[in-house]
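Below: one structure, written as structure tokens.
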Amino acid sequence: MKLIKKISLLLIVMTGLGTYAQEFEANLQLRPRFEYRNGYKSPISNADDATSFISQRSRLNLNFKQEKLQTKLSLQNIRTWGDVATTTTADKNGIAVFEAWAQYDFDSNWSARLGRQIISYDNQRIFGEIDWAQQGQSHDAVVFSFHPKNHKLDLGFALNADKENLVLPSTVYTTNYKSMQYAWYHTQFSKLNMSVLLLNTGYEYAKTVTDLKVDYKQTFGTYLSYKENKWDTNLGLYAQTGKSNGNNLSAWYLGANLGYVLTSEFKMVLGYEFLSGKDQDDNTSDNKSFSPLFGTNHGFNGFMDYFYVGNHLNSVGLQDAYLKLNYNIDKWQLALIPHVFHAPNSVLDSFSNKMHSYLGTEIDFSVGYTVQKDIVASAGYSQMFASSTLERVKNVTNPSNNNNWAWVMISFNPKLFATK
């Protein structure tokens with residue numbers, strides 16, 4: 001806390017030295033979370049036991065605004081209770097920079113933001129913050145924005161390396177994409193909102209031991225949302241082309257939701273997603289599996305993260321039919337979400353025979369309670385009823401019939417102070 005006070009006092013003094021109107025705000029987030037994992041991300045084997053732990057995010061946000069200039073610095077420590085570097089009490093991960101950007105407004109319509117920043121659009125299926133993950137997700141990028149009334153166009157650019165190299169590196173950069181360029185456009189027609197995304201990402205790979213190449217994949221599509229009275233609906237449609245590790249890429253995605261507000265407290269949403277994949281007996285080198293790239297994938301396809309959360313890439317794809325039931329009253333928020341999963345492409349057993357497409361059913365339940373404005377307590381329980389096909393896809397031997405996950409989290413978000 002002494003370090004935070006010193007930083008805050010220094011910034012307050014600095015804000016008093018200028019001649020322009022200035023604003024400064026500091027806020028803190030402390031978010032410990034207990035998890036019980038018994039078949040999380042993949043069916044657990046009978047030979048393995050469940051595990052539990054407590055992780056915590058500690059994040060300090062410093063926001064500054066002066067006339068046409070805005071800046072943000074977000075520092076965080078992500079740790080598991082008990083993880084120490086040595087016999088001392090130092091955390092393994094230390095302090096990391098989550099956000100560090102400056103934005104300049106050229107006029108009321110044009111602005112540019114440079115530095116480490118969150119890039120999040122629409123329903124976060126392709127670009128998202130991934131706030132559930134304690135570390136979150138941010139990008140080192142420059143984003144130019146054109147935002148007249150009822151329109152917004154963002155142009156983003158990024159180039160990544162692991163250090164300040166003197167010559168071309170001889171090892172593959174695998175931390176993230178090597179380069180990225182995108183255009184995102186959003187507009188509104190009465191009750192209809194429409195977004196269009198054009199994204200190009202380059203990933204480095206070793207064609208040979210001494211020949212490093214960068215393959216570029218293109219992701220493009222649209223997201224539409226419409227709301228009228230008690231009804232709301234949205235549709236996402238994307239395709240991917242280009243190259244991936246020297247192979248041709250051709251994949252696509254469809255997601256749709258239809259929601260209805262039954263009462264002021266109760267809402268239901270019926271949804272469906274299709275992510276293309278590849279038959280396991282397809283011997284071609286083409287990549288036909290869609291990747292959600294930088295999306296907040298924990299919010300899709302079940303909270304147990306069986307699909308597209310660091311897994312299920314370049315696989316048989318996914319069909320997900322689900323129902324969301326949300327009930328909010330006073331300070332309580334409750335949600336029940338059953339999912340039914342199928343594989344849109346063939347899965348083979350150990351004798352190369354095609355298996356049934358049904359992967360399993362997951363049921364997610366969560367509850368939240370707002371203790372006060374800056375304190376929220378939440379908890380959840382999920383159960384996965386995995387089929388033999390899913391166990392085959394996950395390559396699990398001697399699988400257990402009981403796969404579940406439970407968590408409890410408290411988020412403290414106090415505003416330390418603000419000046420104007």
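Quick note on naming: the chains in the structure tokens go A, B, ... in the order shown, residues restart at 1 in each chain, and ligands are numbered from 1 in order of appearance.
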Legend entry - Nearby residues (only C-alpha atoms) at most 7 Å from range 45-62 of chain A, same-chain spacing under 4 positions excluded, as a PyMOL selection string: chain A and resi 25-38+72-81+134+396-400
Inset, instruction - Please provide as number ranges by chain all residues within 10 Å of Asp232 in chain A, with the sequence filter that same-chain residues fewer than 4 positions apart are discarded (counting only C-alpha atoms). - result: A: 191, 225-228, 257-261, 269
Inset, instruction - Find the spatial neighbours of Lys213 in chain A, counting only C-alpha atoms, within a cut-off of 10 Å - ignore same-chain residues fewer than 5 positions away - and output them as a list of chain:residue names. - result: A:Val172, A:Gly202, A:Tyr203, A:Glu204, A:Tyr205, A:Ala206, A:Lys207, A:Thr208, A:Asn245, A:Gly246
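Among the candidate residues A:Gln70, A:Gln22, A:Gln240, A:Ser111, the one lying nearest to Leu197 in chain A is A:Gln240, with distances computed using only C-alpha atoms.
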Legend entry - strand (DSSP E or B) residues, from DSSP on the backbone, in range 141-361 of chain A, as a PyMOL selection string: chain A and resi 141-146+151-159+179-189+192-206+212-228+231-244+247-261+266-275+287+294+318-329+332-342+348+354+358-361
Residue subset to file, keeping C-alpha atoms, as a CSV table (one decimal), in the first residue's frame:
chain,number,residue,atom,x,y,z
A,141,ALA,CA,-0.9,-2.7,-30.8
A,142,VAL,CA,-1.7,0.7,-32.3
A,143,VAL,CA,-5.4,1.3,-33.1
A,144,PHE,CA,-6.7,4.2,-35.1
A,145,SER,CA,-10.4,5.0,-34.6
A,146,PHE,CA,-12.8,7.0,-36.7
A,151,HIS,CA,-20.5,4.8,-37.1
A,152,LYS,CA,-17.1,3.5,-35.9
A,153,LEU,CA,-14.1,2.3,-37.8
A,154,ASP,CA,-11.1,0.8,-36.1
A,155,LEU,CA,-7.8,0.0,-37.9
A,156,GLY,CA,-5.4,-2.0,-35.8
A,157,PHE,CA,-1.8,-3.0,-36.3
A,158,ALA,CA,0.7,-5.1,-34.3
A,159,LEU,CA,4.2,-6.5,-34.7
A,179,SER,CA,2.0,-9.7,-36.8
A,180,MET,CA,-1.6,-8.6,-37.0
A,181,GLN,CA,-3.7,-6.1,-39.1
A,182,TYR,CA,-7.4,-5.7,-38.9
A,183,ALA,CA,-10.4,-3.4,-39.7
A,184,TRP,CA,-13.6,-3.4,-37.7
A,185,TYR,CA,-16.6,-1.4,-38.7
A,186,HIS,CA,-19.8,-0.9,-36.8
A,187,THR,CA,-23.0,1.0,-37.6
A,188,GLN,CA,-26.6,1.1,-36.5
A,189,PHE,CA,-29.8,1.1,-38.5
A,192,LEU,CA,-30.4,-3.2,-36.1
A,193,ASN,CA,-26.7,-3.2,-35.2
A,194,MET,CA,-24.1,-4.4,-37.7
A,195,SER,CA,-20.4,-5.1,-37.5
A,196,VAL,CA,-17.9,-6.2,-40.1
A,197,LEU,CA,-14.5,-7.6,-39.3
A,198,LEU,CA,-11.5,-8.1,-41.6
A,199,LEU,CA,-8.5,-9.7,-39.7
A,200,ASN,CA,-5.1,-10.8,-40.9
A,201,THR,CA,-2.8,-12.7,-38.5
A,202,GLY,CA,0.7,-14.0,-39.2
A,203,TYR,CA,2.2,-16.9,-37.3
A,204,GLU,CA,5.8,-18.0,-37.6
A,205,TYR,CA,6.8,-21.6,-38.0
A,206,ALA,CA,9.9,-23.6,-39.1
A,212,LEU,CA,11.6,-19.8,-40.8
A,213,LYS,CA,8.4,-18.8,-42.5
A,214,VAL,CA,5.3,-16.7,-41.6
A,215,ASP,CA,1.9,-18.0,-42.6
A,216,TYR,CA,-1.0,-15.6,-42.8
A,217,LYS,CA,-4.6,-16.5,-42.0
A,218,GLN,CA,-7.5,-14.3,-42.8
A,219,THR,CA,-10.7,-14.1,-40.6
A,220,PHE,CA,-13.6,-12.2,-42.0
A,221,GLY,CA,-17.3,-11.9,-41.3
A,222,THR,CA,-20.2,-10.1,-39.7
A,223,TYR,CA,-22.0,-9.8,-36.4
A,224,LEU,CA,-25.7,-8.6,-36.4
A,225,SER,CA,-27.9,-7.9,-33.4
A,226,TYR,CA,-31.5,-6.8,-33.3
A,227,LYS,CA,-33.7,-5.8,-30.3
A,228,GLU,CA,-37.4,-4.9,-30.1
A,231,TRP,CA,-37.3,-9.9,-28.1
A,232,ASP,CA,-33.6,-9.8,-29.1
A,233,THR,CA,-31.5,-11.8,-31.5
A,234,ASN,CA,-28.0,-11.9,-32.8
A,235,LEU,CA,-26.1,-13.7,-35.6
A,236,GLY,CA,-22.4,-14.2,-36.1
A,237,LEU,CA,-21.0,-15.5,-39.4
A,238,TYR,CA,-17.2,-15.8,-40.1
A,239,ALA,CA,-14.9,-17.6,-42.4
A,240,GLN,CA,-11.1,-18.3,-42.3
A,241,THR,CA,-8.8,-18.7,-45.3
A,242,GLY,CA,-5.1,-18.5,-45.9
A,243,LYS,CA,-2.3,-20.7,-44.7
A,244,SER,CA,-1.5,-22.5,-41.4
A,247,ASN,CA,-1.1,-26.0,-45.2
A,248,ASN,CA,-4.2,-24.4,-46.9
A,249,LEU,CA,-6.9,-23.2,-44.5
A,250,SER,CA,-10.6,-23.2,-45.2
A,251,ALA,CA,-13.0,-23.0,-42.2
A,252,TRP,CA,-16.1,-21.3,-41.1
A,253,TYR,CA,-18.3,-20.4,-38.1
A,254,LEU,CA,-22.0,-19.7,-37.4
A,255,GLY,CA,-23.5,-18.6,-34.1
A,256,ALA,CA,-27.1,-17.5,-33.4
A,257,ASN,CA,-29.1,-16.6,-30.3
A,258,LEU,CA,-32.8,-15.8,-29.8
A,259,GLY,CA,-33.7,-14.2,-26.5
A,260,TYR,CA,-37.1,-13.4,-24.9
A,261,VAL,CA,-37.8,-11.5,-21.6
A,266,PHE,CA,-36.5,-13.7,-16.0
A,267,LYS,CA,-35.0,-14.1,-19.4
A,268,MET,CA,-34.4,-17.1,-21.7
A,269,VAL,CA,-32.1,-17.5,-24.6
A,270,LEU,CA,-32.0,-20.3,-27.2
A,271,GLY,CA,-28.7,-20.6,-29.0
A,272,TYR,CA,-26.7,-22.6,-31.5
A,273,GLU,CA,-23.1,-22.6,-32.7
A,274,PHE,CA,-21.3,-24.4,-35.5
A,275,LEU,CA,-17.5,-24.4,-35.8
A,287,ASN,CA,-6.8,-27.3,-42.4
A,294,PHE,CA,-8.7,-14.1,-29.4
A,318,LEU,CA,-18.2,-28.6,-32.8
A,319,GLN,CA,-22.0,-28.2,-32.7
A,320,ASP,CA,-23.4,-26.7,-29.6
A,321,ALA,CA,-27.1,-26.3,-28.9
A,322,TYR,CA,-27.9,-24.6,-25.6
A,323,LEU,CA,-30.5,-22.8,-23.5
A,324,LYS,CA,-29.7,-19.9,-21.2
A,325,LEU,CA,-32.1,-19.2,-18.3
A,326,ASN,CA,-31.3,-16.0,-16.3
A,327,TYR,CA,-33.1,-14.8,-13.2
A,328,ASN,CA,-32.1,-11.5,-11.6
A,329,ILE,CA,-33.8,-10.1,-8.5
A,332,TRP,CA,-29.1,-11.8,-6.8
A,333,GLN,CA,-28.2,-13.1,-10.3
A,334,LEU,CA,-28.8,-16.7,-11.1
A,335,ALA,CA,-28.2,-18.6,-14.4
A,336,LEU,CA,-28.7,-22.2,-15.6
A,337,ILE,CA,-27.3,-23.2,-19.0
A,338,PRO,CA,-27.5,-26.7,-20.4
A,339,HIS,CA,-25.4,-27.5,-23.5
A,340,VAL,CA,-25.7,-30.5,-25.9
A,341,PHE,CA,-22.5,-31.1,-28.0
A,342,HIS,CA,-22.1,-32.9,-31.2
A,348,LEU,CA,-12.9,-42.9,-35.4
A,354,LYS,CA,-16.9,-44.1,-37.2
A,358,TYR,CA,-22.9,-37.1,-29.8
A,359,LEU,CA,-20.1,-35.7,-27.6
A,360,GLY,CA,-21.9,-35.1,-24.3
A,361,THR,CA,-24.1,-32.8,-22.3
Inset, instruction - Would you return as an MDAnalysis selection string the members of range 7-217 of chain A that DSSP assigns to helix (DSSP H, G or I) on this structure's backbone? - result: chainID A and resid 7:15
Inset, instruction - Write out as a ChimeraX atom specification each polymer residue whose atoms come within 6 Å of range 377-389 of chain A, counting only C-alpha atoms; drop sequence neighbours fewer than 3 positions from it. - result: /A:359-369,392,403-410
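Separating CA of Ile95 in chain A from CA of Asp140 in chain A is a distance of 17.5 Å.
Reported to one decimal place, the separation of CA of Gly136 in chain A from CA of Phe417 in chain A is 24.0 Å.
For the choices A:Val84, A:Ala102, A:Ala343, A:Ala96, the atom-to-atom distance to Thr71 in chain A is smallest for A:Ala102 when using only C-alpha atoms.
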